[in-house]
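Data first, discussion second: the structure below is written as structure tokens.
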Amino acid sequence: MDVCQELMTKLDSLQKKYEEENQESNLVDTRKYNRASSLGWAFDCQRYLVLKRLYPELEKFTPVQKRRFREGKIQELLMKEEIRAVGIPVEKIDPLVWEKYQIRGEVDDIIQLDGEKYPIDYKSCSAAAFAEVSQASTGQELMKSKYLWIRHYPAQLITYNHLYDKAGGILLFKNKESGEKHPVYVERNDGIMGQILEVINDVNACVAAAALPAAIWCDACKSCGYAETCWKEEERKEKEIKRIEDQDLELLLKQREDCREEHERYEKLDAQIKDILKNYHGEFNIGDFKIKVSKYPKIIYEVPDDLKKQYEKVIEITRSTIKYLGGAL
Ligand code: SF4
């Protein structure tokens with residue numbers, strides 16, 4: 001066997017093992033409790049939270065998402081080590097359960113700074129996602145993000161603040177490519193917690209009665225792992241041409257759109273995006289962008305005219321068009 005192929009087979013088996021172990025423990029946990037990390041969905045779709053409790057096994061993740069989960073765990077361990085290496089006191093914490101609301105949460109660490117203790121959660125992200133989160137310094141600002149996974153982070157930490165009875169906590173973001181960090185302070189917020197708990201009361205009642213709330217099409221459906229459970233293929237087609245979930249590409253597209261006046265940066269992002277689009281084909285939407293990627297064969301000649309026919313070969317050309325839909329979707 002080719003050595004590179006052998007190496008990849010072994011590494012892929014590790015990823016598979018991680019997915020199996022993770023899925024097993026996750027399924028047991030999510031049937032029993034509303035997980036703090038999912039509570040941001042309270043502001044998008046109650047049905048998602050009920051599905052997560054009743055049918056966690058139906059949630060679909062792409063291979064890229066699964067690899068990201070594992071990579072995130074590895075980065076989290078590295079960030080934990082860094083916090084300890086700089087001598088910040090860290091408290092050993094256990095997962096906590098808020099029985100009244102069937103909420104379970106396990107913060108990454110509780111650290112001590114200036115005599116005060118703070119829950120801290122580590123989030124690693126791509127350079128594109130990091131550029132987005134770096135613009136925020138508070139949880140409220142993150143909650144206004146148009147990106148689902150970003151606006152969901154504060155709900156998790158607000159819940160930890162309540163579970164661990166703290167006045168505020170920190171989301172520490174790390175750019176996986178450059179190693180840069182960006183902290184966001186998330187205050188305890190009784191108002192937001194109250195809104196989440198109201199939804200959770202309804203979720204728990206639905207779970208007890210094994211009753212699913214009706215599916216209502218919303219913006220979050222586009223990036224939801226239950227889209228195939230909630231909507232038939234033809235219904236989804238009706239609602240969207242075809243959507244590709246690629247968070248990094250979506251961010252790069254938005255950054256390209258925002259810097260049309262900065263020629264050099266625009267060209268750089270444009271080249272980066274078009275390079276990624278070589279992996280796609282057809283017409284589809286990514287976030288607010290309509291993309292068309294056509295591939296067609298083209299004959300090129302690399303020899304003098306008189307010998308062209310003799311050296312003729314076919315290569316694949318990728319042509320991409322990007323149209324910003326201005327948030328209209
Ligand atoms: S697909 Fe839409 S309706 Fe269904 S759970 Fe997800 S967000 Fe809710």
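Note on naming: chains are A, B, ... as they come in the structure tokens, residues start from 1 per chain, ligands start from 1 in the order shown.
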**OP:** Please write out the residues within 9 Å of ligand 1 as a list in words, counting only C-alpha atoms and all ligand atoms.
**Re:** Trp41, Asp44, Cys45, Gln46, Arg47, Tyr48, Leu49, Val50, Leu51, Lys52, Pro213, Ala214, Ala215, Ile216, Trp217, Cys218, Asp219, Ala220, Cys221, Lys222, Ser223, Cys224, Gly225, Tyr226, Ala227, Glu228, Thr229, Cys230 and Trp231 of chain A
**OP:** Would you list the contacts of Leu113 in chain A as a list in words, taking every protein, DNA or RNA residue within 12 Å and counting only C-alpha atoms, but skipping same-chain residues closer than 2 positions in sequence?
**Re:** Ile83, Val86, Gly87, Ile88, Pro89, Val90, Glu91, Ile110, Ile111, Gly115, Glu116, Lys117, Tyr118, Pro119, Ile120, Gly169 and Ile170 of chain A
Do a neighbour search on Lys181 in chain A at 12 Å with only C-alpha atoms, toss out local chain neighbours closer than 2 positions, and write the hits as a PDB file with all heavy atoms, in the first residue's frame.
```pdb
ATOM      1  N   MET A  79      -5.425  25.408  24.749  1.00  0.00           N
ATOM      2  CA  MET A  79      -5.727  26.688  25.397  1.00  0.00           C
ATOM      3  C   MET A  79      -5.752  26.522  26.915  1.00  0.00           C
ATOM      4  O   MET A  79      -5.293  27.382  27.660  1.00  0.00           O
ATOM      5  CB  MET A  79      -7.060  27.240  24.874  1.00  0.00           C
ATOM      6  CG  MET A  79      -6.957  27.692  23.426  1.00  0.00           C
ATOM      7  SD  MET A  79      -8.539  27.960  22.648  1.00  0.00           S
ATOM      8  CE  MET A  79      -8.867  29.672  23.052  1.00  0.00           C
ATOM      9  N   GLU A  82      -2.241  26.581  28.075  1.00  0.00           N
ATOM     10  CA  GLU A  82      -1.654  27.930  28.054  1.00  0.00           C
ATOM     11  C   GLU A  82      -2.066  28.724  29.290  1.00  0.00           C
ATOM     12  O   GLU A  82      -1.260  29.425  29.885  1.00  0.00           O
ATOM     13  CB  GLU A  82      -2.101  28.679  26.796  1.00  0.00           C
ATOM     14  CG  GLU A  82      -1.301  28.294  25.568  1.00  0.00           C
ATOM     15  CD  GLU A  82      -1.698  29.133  24.366  1.00  0.00           C
ATOM     16  OE1 GLU A  82      -1.219  30.252  24.242  1.00  0.00           O
ATOM     17  OE2 GLU A  82      -2.504  28.642  23.562  1.00  0.00           O
ATOM     18  N   ILE A  83      -3.349  28.609  29.661  1.00  0.00           N
ATOM     19  CA  ILE A  83      -3.854  29.332  30.831  1.00  0.00           C
ATOM     20  C   ILE A  83      -3.079  28.893  32.079  1.00  0.00           C
ATOM     21  O   ILE A  83      -2.657  29.718  32.906  1.00  0.00           O
ATOM     22  CB  ILE A  83      -5.374  29.069  31.013  1.00  0.00           C
ATOM     23  CG1 ILE A  83      -6.172  29.744  29.889  1.00  0.00           C
ATOM     24  CG2 ILE A  83      -5.873  29.484  32.388  1.00  0.00           C
ATOM     25  CD1 ILE A  83      -6.281  31.260  29.994  1.00  0.00           C
ATOM     26  N   TYR A 122     -13.406  28.054  25.906  1.00  0.00           N
ATOM     27  CA  TYR A 122     -12.436  28.252  24.827  1.00  0.00           C
ATOM     28  C   TYR A 122     -13.085  27.924  23.492  1.00  0.00           C
ATOM     29  O   TYR A 122     -13.735  26.886  23.338  1.00  0.00           O
ATOM     30  CB  TYR A 122     -11.225  27.345  25.043  1.00  0.00           C
ATOM     31  CG  TYR A 122     -10.630  27.484  26.432  1.00  0.00           C
ATOM     32  CD1 TYR A 122     -10.707  26.441  27.352  1.00  0.00           C
ATOM     33  CD2 TYR A 122     -10.008  28.668  26.820  1.00  0.00           C
ATOM     34  CE1 TYR A 122     -10.172  26.568  28.629  1.00  0.00           C
ATOM     35  CE2 TYR A 122      -9.471  28.805  28.094  1.00  0.00           C
ATOM     36  CZ  TYR A 122      -9.557  27.750  28.994  1.00  0.00           C
ATOM     37  OH  TYR A 122      -9.039  27.889  30.246  1.00  0.00           O
ATOM     38  N   LYS A 123     -12.876  28.800  22.534  1.00  0.00           N
ATOM     39  CA  LYS A 123     -13.448  28.594  21.191  1.00  0.00           C
ATOM     40  C   LYS A 123     -12.349  28.830  20.160  1.00  0.00           C
ATOM     41  O   LYS A 123     -11.815  29.941  20.080  1.00  0.00           O
ATOM     42  CB  LYS A 123     -14.578  29.603  20.915  1.00  0.00           C
ATOM     43  CG  LYS A 123     -15.667  29.654  21.984  1.00  0.00           C
ATOM     44  CD  LYS A 123     -16.603  28.487  21.871  1.00  0.00           C
ATOM     45  CE  LYS A 123     -17.695  28.530  22.914  1.00  0.00           C
ATOM     46  NZ  LYS A 123     -18.309  27.226  23.150  1.00  0.00           N
ATOM     47  N   SER A 124     -12.029  27.790  19.418  1.00  0.00           N
ATOM     48  CA  SER A 124     -11.050  27.997  18.350  1.00  0.00           C
ATOM     49  C   SER A 124     -11.809  28.225  17.054  1.00  0.00           C
ATOM     50  O   SER A 124     -12.910  27.706  16.875  1.00  0.00           O
ATOM     51  CB  SER A 124     -10.142  26.781  18.217  1.00  0.00           C
ATOM     52  OG  SER A 124     -10.910  25.646  17.950  1.00  0.00           O
ATOM     53  N   CYS A 125     -11.255  29.040  16.175  1.00  0.00           N
ATOM     54  CA  CYS A 125     -11.959  29.302  14.917  1.00  0.00           C
ATOM     55  C   CYS A 125     -10.986  29.603  13.789  1.00  0.00           C
ATOM     56  O   CYS A 125      -9.800  29.850  14.029  1.00  0.00           O
ATOM     57  CB  CYS A 125     -12.960  30.440  15.100  1.00  0.00           C
ATOM     58  SG  CYS A 125     -12.345  31.866  15.953  1.00  0.00           S
ATOM     59  N   SER A 126     -11.504  29.579  12.590  1.00  0.00           N
ATOM     60  CA  SER A 126     -10.690  29.884  11.407  1.00  0.00           C
ATOM     61  C   SER A 126     -10.348  31.370  11.409  1.00  0.00           C
ATOM     62  O   SER A 126     -10.948  32.157  12.156  1.00  0.00           O
ATOM     63  CB  SER A 126     -11.495  29.570  10.155  1.00  0.00           C
ATOM     64  OG  SER A 126     -12.594  30.454  10.100  1.00  0.00           O
ATOM     65  N   ALA A 127      -9.420  31.771  10.524  1.00  0.00           N
ATOM     66  CA  ALA A 127      -9.040  33.185  10.439  1.00  0.00           C
ATOM     67  C   ALA A 127     -10.254  34.042  10.076  1.00  0.00           C
ATOM     68  O   ALA A 127     -10.448  35.132  10.614  1.00  0.00           O
ATOM     69  CB  ALA A 127      -7.940  33.361   9.412  1.00  0.00           C
ATOM     70  N   PHE A 130     -12.502  34.327  13.040  1.00  0.00           N
ATOM     71  CA  PHE A 130     -11.835  35.133  14.063  1.00  0.00           C
ATOM     72  C   PHE A 130     -11.978  36.633  13.742  1.00  0.00           C
ATOM     73  O   PHE A 130     -12.226  37.444  14.633  1.00  0.00           O
ATOM     74  CB  PHE A 130     -10.352  34.745  14.154  1.00  0.00           C
ATOM     75  CG  PHE A 130      -9.631  35.392  15.298  1.00  0.00           C
ATOM     76  CD1 PHE A 130      -9.749  34.885  16.591  1.00  0.00           C
ATOM     77  CD2 PHE A 130      -8.849  36.520  15.094  1.00  0.00           C
ATOM     78  CE1 PHE A 130      -9.108  35.501  17.653  1.00  0.00           C
ATOM     79  CE2 PHE A 130      -8.198  37.139  16.153  1.00  0.00           C
ATOM     80  CZ  PHE A 130      -8.325  36.626  17.431  1.00  0.00           C
ATOM     81  N   ALA A 131     -11.837  36.964  12.446  1.00  0.00           N
ATOM     82  CA  ALA A 131     -11.986  38.371  12.048  1.00  0.00           C
ATOM     83  C   ALA A 131     -13.380  38.867  12.430  1.00  0.00           C
ATOM     84  O   ALA A 131     -13.560  40.022  12.835  1.00  0.00           O
ATOM     85  CB  ALA A 131     -11.778  38.502  10.544  1.00  0.00           C
ATOM     86  N   VAL A 133     -15.485  37.568  14.980  1.00  0.00           N
ATOM     87  CA  VAL A 133     -15.712  37.666  16.434  1.00  0.00           C
ATOM     88  C   VAL A 133     -14.848  38.755  17.059  1.00  0.00           C
ATOM     89  O   VAL A 133     -15.215  39.336  18.085  1.00  0.00           O
ATOM     90  CB  VAL A 133     -15.473  36.318  17.176  1.00  0.00           C
ATOM     91  CG1 VAL A 133     -16.490  35.292  16.788  1.00  0.00           C
ATOM     92  CG2 VAL A 133     -14.074  35.782  16.974  1.00  0.00           C
ATOM     93  N   SER A 134     -13.703  39.073  16.429  1.00  0.00           N
ATOM     94  CA  SER A 134     -12.807  40.092  16.999  1.00  0.00           C
ATOM     95  C   SER A 134     -13.451  41.463  17.030  1.00  0.00           C
ATOM     96  O   SER A 134     -12.995  42.355  17.734  1.00  0.00           O
ATOM     97  CB  SER A 134     -11.527  40.226  16.183  1.00  0.00           C
ATOM     98  OG  SER A 134     -10.927  39.019  16.034  1.00  0.00           O
ATOM     99  N   LEU A 171     -15.506  34.392  27.034  1.00  0.00           N
ATOM    100  CA  LEU A 171     -15.356  33.518  25.860  1.00  0.00           C
ATOM    101  C   LEU A 171     -13.995  33.866  25.290  1.00  0.00           C
ATOM    102  O   LEU A 171     -13.746  35.027  24.938  1.00  0.00           O
ATOM    103  CB  LEU A 171     -16.430  33.834  24.821  1.00  0.00           C
ATOM    104  CG  LEU A 171     -17.847  33.335  25.087  1.00  0.00           C
ATOM    105  CD1 LEU A 171     -18.839  34.003  24.137  1.00  0.00           C
ATOM    106  CD2 LEU A 171     -17.932  31.821  24.935  1.00  0.00           C
ATOM    107  N   LEU A 172     -13.090  32.902  25.223  1.00  0.00           N
ATOM    108  CA  LEU A 172     -11.755  33.190  24.699  1.00  0.00           C
ATOM    109  C   LEU A 172     -11.625  32.539  23.319  1.00  0.00           C
ATOM    110  O   LEU A 172     -11.591  31.310  23.202  1.00  0.00           O
ATOM    111  CB  LEU A 172     -10.673  32.663  25.650  1.00  0.00           C
ATOM    112  CG  LEU A 172      -9.236  32.980  25.240  1.00  0.00           C
ATOM    113  CD1 LEU A 172      -8.996  34.488  25.151  1.00  0.00           C
ATOM    114  CD2 LEU A 172      -8.235  32.373  26.226  1.00  0.00           C
ATOM    115  N   PHE A 173     -11.569  33.380  22.294  1.00  0.00           N
ATOM    116  CA  PHE A 173     -11.468  32.883  20.914  1.00  0.00           C
ATOM    117  C   PHE A 173     -10.004  32.800  20.492  1.00  0.00           C
ATOM    118  O   PHE A 173      -9.200  33.657  20.850  1.00  0.00           O
ATOM    119  CB  PHE A 173     -12.211  33.823  19.954  1.00  0.00           C
ATOM    120  CG  PHE A 173     -13.698  33.841  20.181  1.00  0.00           C
ATOM    121  CD1 PHE A 173     -14.285  34.825  20.973  1.00  0.00           C
ATOM    122  CD2 PHE A 173     -14.513  32.871  19.614  1.00  0.00           C
ATOM    123  CE1 PHE A 173     -15.653  34.847  21.197  1.00  0.00           C
ATOM    124  CE2 PHE A 173     -15.890  32.883  19.834  1.00  0.00           C
ATOM    125  CZ  PHE A 173     -16.457  33.874  20.625  1.00  0.00           C
ATOM    126  N   LYS A 174      -9.705  31.776  19.708  1.00  0.00           N
ATOM    127  CA  LYS A 174      -8.345  31.630  19.195  1.00  0.00           C
ATOM    128  C   LYS A 174      -8.386  31.420  17.683  1.00  0.00           C
ATOM    129  O   LYS A 174      -9.156  30.601  17.187  1.00  0.00           O
ATOM    130  CB  LYS A 174      -7.673  30.426  19.859  1.00  0.00           C
ATOM    131  CG  LYS A 174      -6.280  30.156  19.340  1.00  0.00           C
ATOM    132  CD  LYS A 174      -5.698  28.902  19.971  1.00  0.00           C
ATOM    133  CE  LYS A 174      -4.354  28.577  19.349  1.00  0.00           C
ATOM    134  NZ  LYS A 174      -3.818  27.311  19.862  1.00  0.00           N
ATOM    135  N   ASN A 175      -7.569  32.189  16.997  1.00  0.00           N
ATOM    136  CA  ASN A 175      -7.405  31.998  15.556  1.00  0.00           C
ATOM    137  C   ASN A 175      -6.482  30.803  15.354  1.00  0.00           C
ATOM    138  O   ASN A 175      -5.306  30.845  15.702  1.00  0.00           O
ATOM    139  CB  ASN A 175      -6.792  33.276  14.966  1.00  0.00           C
ATOM    140  CG  ASN A 175      -6.553  33.174  13.478  1.00  0.00           C
ATOM    141  OD1 ASN A 175      -6.445  32.088  12.915  1.00  0.00           O
ATOM    142  ND2 ASN A 175      -6.468  34.330  12.841  1.00  0.00           N
ATOM    143  N   LYS A 176      -7.031  29.713  14.818  1.00  0.00           N
ATOM    144  CA  LYS A 176      -6.255  28.467  14.686  1.00  0.00           C
ATOM    145  C   LYS A 176      -5.050  28.648  13.767  1.00  0.00           C
ATOM    146  O   LYS A 176      -4.070  27.946  13.894  1.00  0.00           O
ATOM    147  CB  LYS A 176      -7.145  27.370  14.071  1.00  0.00           C
ATOM    148  CG  LYS A 176      -8.000  26.667  15.082  1.00  0.00           C
ATOM    149  CD  LYS A 176      -8.711  25.503  14.440  1.00  0.00           C
ATOM    150  CE  LYS A 176      -9.845  25.988  13.564  1.00  0.00           C
ATOM    151  NZ  LYS A 176     -10.723  24.936  13.077  1.00  0.00           N
ATOM    152  N   GLU A 177      -5.170  29.599  12.826  1.00  0.00           N
ATOM    153  CA  GLU A 177      -4.073  29.745  11.866  1.00  0.00           C
ATOM    154  C   GLU A 177      -2.937  30.589  12.409  1.00  0.00           C
ATOM    155  O   GLU A 177      -1.769  30.281  12.201  1.00  0.00           O
ATOM    156  CB  GLU A 177      -4.612  30.346  10.560  1.00  0.00           C
ATOM    157  CG  GLU A 177      -5.425  29.322   9.789  1.00  0.00           C
ATOM    158  CD  GLU A 177      -6.449  29.921   8.864  1.00  0.00           C
ATOM    159  OE1 GLU A 177      -6.096  30.816   8.087  1.00  0.00           O
ATOM    160  OE2 GLU A 177      -7.621  29.490   8.938  1.00  0.00           O
ATOM    161  N   SER A 178      -3.271  31.683  13.134  1.00  0.00           N
ATOM    162  CA  SER A 178      -2.207  32.588  13.597  1.00  0.00           C
ATOM    163  C   SER A 178      -1.919  32.455  15.087  1.00  0.00           C
ATOM    164  O   SER A 178      -0.923  32.962  15.570  1.00  0.00           O
ATOM    165  CB  SER A 178      -2.608  34.038  13.304  1.00  0.00           C
ATOM    166  OG  SER A 178      -3.718  34.380  14.127  1.00  0.00           O
ATOM    167  N   GLY A 179      -2.803  31.810  15.823  1.00  0.00           N
ATOM    168  CA  GLY A 179      -2.621  31.684  17.270  1.00  0.00           C
ATOM    169  C   GLY A 179      -3.107  32.902  18.048  1.00  0.00           C
ATOM    170  O   GLY A 179      -3.062  32.922  19.280  1.00  0.00           O
ATOM    171  N   PRO A 183     -10.577  37.883  23.742  1.00  0.00           N
ATOM    172  CA  PRO A 183     -11.557  37.559  24.791  1.00  0.00           C
ATOM    173  C   PRO A 183     -12.822  38.411  24.660  1.00  0.00           C
ATOM    174  O   PRO A 183     -12.758  39.568  24.277  1.00  0.00           O
ATOM    175  CB  PRO A 183     -10.801  37.950  26.068  1.00  0.00           C
ATOM    176  CG  PRO A 183      -9.864  39.033  25.637  1.00  0.00           C
ATOM    177  CD  PRO A 183      -9.610  38.896  24.169  1.00  0.00           C
ATOM    178  N   VAL A 184     -13.945  37.820  24.969  1.00  0.00           N
ATOM    179  CA  VAL A 184     -15.213  38.573  25.011  1.00  0.00           C
ATOM    180  C   VAL A 184     -15.828  38.341  26.386  1.00  0.00           C
ATOM    181  O   VAL A 184     -16.061  37.186  26.776  1.00  0.00           O
ATOM    182  CB  VAL A 184     -16.191  38.105  23.905  1.00  0.00           C
ATOM    183  CG1 VAL A 184     -17.547  38.788  24.061  1.00  0.00           C
ATOM    184  CG2 VAL A 184     -15.617  38.399  22.528  1.00  0.00           C
TER     185      VAL A 184
END
```
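We find CA of Tyr153 in chain A and CA of Val186 in chain A to be spaced 9.7 Å apart.
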Original post:
Expressed in Å to a single decimal, how great is the separation between CA of Thr159 in chain A and CA of Gln135 in chain A?
Top reply: 22.9 Å
Subject >> Secondary structure check, strand (DSSP E) residues of range 66-235 of chain A, as number ranges by chain >> reply: A: 90-91, 96-98, 103-105, 109-113, 116-125, 168-175, 181-187
Please produce an output containing N, CA and C atoms for each residue in the selection, written as a short mmCIF file (atom, residue, chain, number, x, y, z; two decimals), in the first residue's frame.
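Saved file out15.cif follows:
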```cif
data_model
loop_
_atom_site.label_atom_id
_atom_site.label_comp_id
_atom_site.auth_asym_id
_atom_site.auth_seq_id
_atom_site.Cartn_x
_atom_site.Cartn_y
_atom_site.Cartn_z
N VAL A 90 -6.55 27.99 38.37
CA VAL A 90 -7.71 27.36 37.71
C VAL A 90 -8.37 26.42 38.71
N GLU A 91 -9.68 26.53 38.78
CA GLU A 91 -10.42 25.69 39.73
C GLU A 91 -10.92 24.43 39.04
N LEU A 96 -22.47 20.72 36.00
CA LEU A 96 -23.58 21.04 36.91
C LEU A 96 -24.91 20.78 36.22
N VAL A 97 -25.87 20.39 37.03
CA VAL A 97 -27.21 20.14 36.50
C VAL A 97 -28.19 21.06 37.21
N TRP A 98 -29.01 21.74 36.42
CA TRP A 98 -30.07 22.59 36.96
C TRP A 98 -31.35 21.77 36.79
N ILE A 103 -31.37 21.32 32.73
CA ILE A 103 -30.24 21.90 31.98
C ILE A 103 -28.94 21.33 32.55
N ARG A 104 -28.06 20.93 31.64
CA ARG A 104 -26.75 20.44 32.08
C ARG A 104 -25.66 21.28 31.41
N GLY A 105 -24.68 21.65 32.21
CA GLY A 105 -23.61 22.46 31.63
C GLY A 105 -22.27 22.11 32.23
N ASP A 109 -13.33 25.88 32.08
CA ASP A 109 -12.52 26.17 33.28
C ASP A 109 -13.19 27.27 34.09
N ILE A 110 -12.81 27.33 35.38
CA ILE A 110 -13.13 28.54 36.16
C ILE A 110 -11.77 29.12 36.55
N ILE A 111 -11.51 30.35 36.13
CA ILE A 111 -10.19 30.92 36.40
C ILE A 111 -10.32 32.04 37.43
N GLN A 112 -9.18 32.35 38.05
CA GLN A 112 -9.19 33.44 39.04
C GLN A 112 -8.32 34.58 38.54
N LEU A 113 -8.92 35.77 38.48
CA LEU A 113 -8.18 36.97 38.06
C LEU A 113 -8.55 38.10 39.01
N GLU A 116 -11.14 37.54 41.69
CA GLU A 116 -12.50 37.12 41.31
C GLU A 116 -12.44 35.85 40.46
N LYS A 117 -13.51 35.06 40.52
CA LYS A 117 -13.54 33.83 39.72
C LYS A 117 -14.48 34.00 38.52
N TYR A 118 -14.02 33.49 37.38
CA TYR A 118 -14.80 33.64 36.14
C TYR A 118 -14.88 32.32 35.39
N PRO A 119 -16.09 31.93 34.94
CA PRO A 119 -16.17 30.79 34.01
C PRO A 119 -15.50 31.22 32.69
N ILE A 120 -14.77 30.32 32.09
CA ILE A 120 -14.15 30.65 30.79
C ILE A 120 -14.38 29.49 29.83
N ASP A 121 -14.77 29.82 28.60
CA ASP A 121 -14.98 28.78 27.59
C ASP A 121 -14.09 29.08 26.40
N TYR A 122 -13.41 28.05 25.91
CA TYR A 122 -12.44 28.25 24.83
C TYR A 122 -13.08 27.92 23.49
N LYS A 123 -12.88 28.80 22.53
CA LYS A 123 -13.45 28.59 21.19
C LYS A 123 -12.35 28.83 20.16
N SER A 124 -12.03 27.79 19.42
CA SER A 124 -11.05 28.00 18.35
C SER A 124 -11.81 28.22 17.05
N CYS A 125 -11.26 29.04 16.17
CA CYS A 125 -11.96 29.30 14.92
C CYS A 125 -10.99 29.60 13.79
N GLY A 168 -20.00 37.23 35.79
CA GLY A 168 -19.65 37.31 34.37
C GLY A 168 -18.63 36.24 34.02
N GLY A 169 -18.52 35.96 32.74
CA GLY A 169 -17.55 34.96 32.29
C GLY A 169 -16.88 35.41 31.00
N ILE A 170 -15.98 34.59 30.52
CA ILE A 170 -15.19 34.99 29.33
C ILE A 170 -15.28 33.91 28.24
N LEU A 171 -15.51 34.39 27.03
CA LEU A 171 -15.36 33.52 25.86
C LEU A 171 -14.00 33.87 25.29
N LEU A 172 -13.09 32.90 25.22
CA LEU A 172 -11.76 33.19 24.70
C LEU A 172 -11.62 32.54 23.32
N PHE A 173 -11.57 33.38 22.29
CA PHE A 173 -11.47 32.88 20.91
C PHE A 173 -10.00 32.80 20.49
N LYS A 174 -9.71 31.78 19.71
CA LYS A 174 -8.35 31.63 19.19
C LYS A 174 -8.39 31.42 17.68
N ASN A 175 -7.57 32.19 17.00
CA ASN A 175 -7.40 32.00 15.56
C ASN A 175 -6.48 30.80 15.35
N LYS A 181 -5.45 35.60 20.00
CA LYS A 181 -6.58 35.36 20.91
C LYS A 181 -7.44 36.62 20.99
N HIS A 182 -8.69 36.41 21.29
CA HIS A 182 -9.59 37.55 21.52
C HIS A 182 -10.61 37.16 22.59
N PRO A 183 -10.58 37.88 23.74
CA PRO A 183 -11.56 37.56 24.79
C PRO A 183 -12.82 38.41 24.66
N VAL A 184 -13.95 37.82 24.97
CA VAL A 184 -15.21 38.57 25.01
C VAL A 184 -15.83 38.34 26.39
N TYR A 185 -16.06 39.43 27.10
CA TYR A 185 -16.64 39.32 28.44
C TYR A 185 -18.17 39.21 28.31
N VAL A 186 -18.73 38.21 28.95
CA VAL A 186 -20.19 38.01 28.88
C VAL A 186 -20.76 38.16 30.30
N GLU A 187 -21.52 39.22 30.49
CA GLU A 187 -22.08 39.49 31.83
C GLU A 187 -23.21 38.54 32.17
#
```
**OP:** From the DSSP assignment of the backbone, select every residue of range 162-217 of chain A that is helix (DSSP H, G or I), and format the answer as an NGL selection string.
**Re:** :A and (162-163 or 190-208)
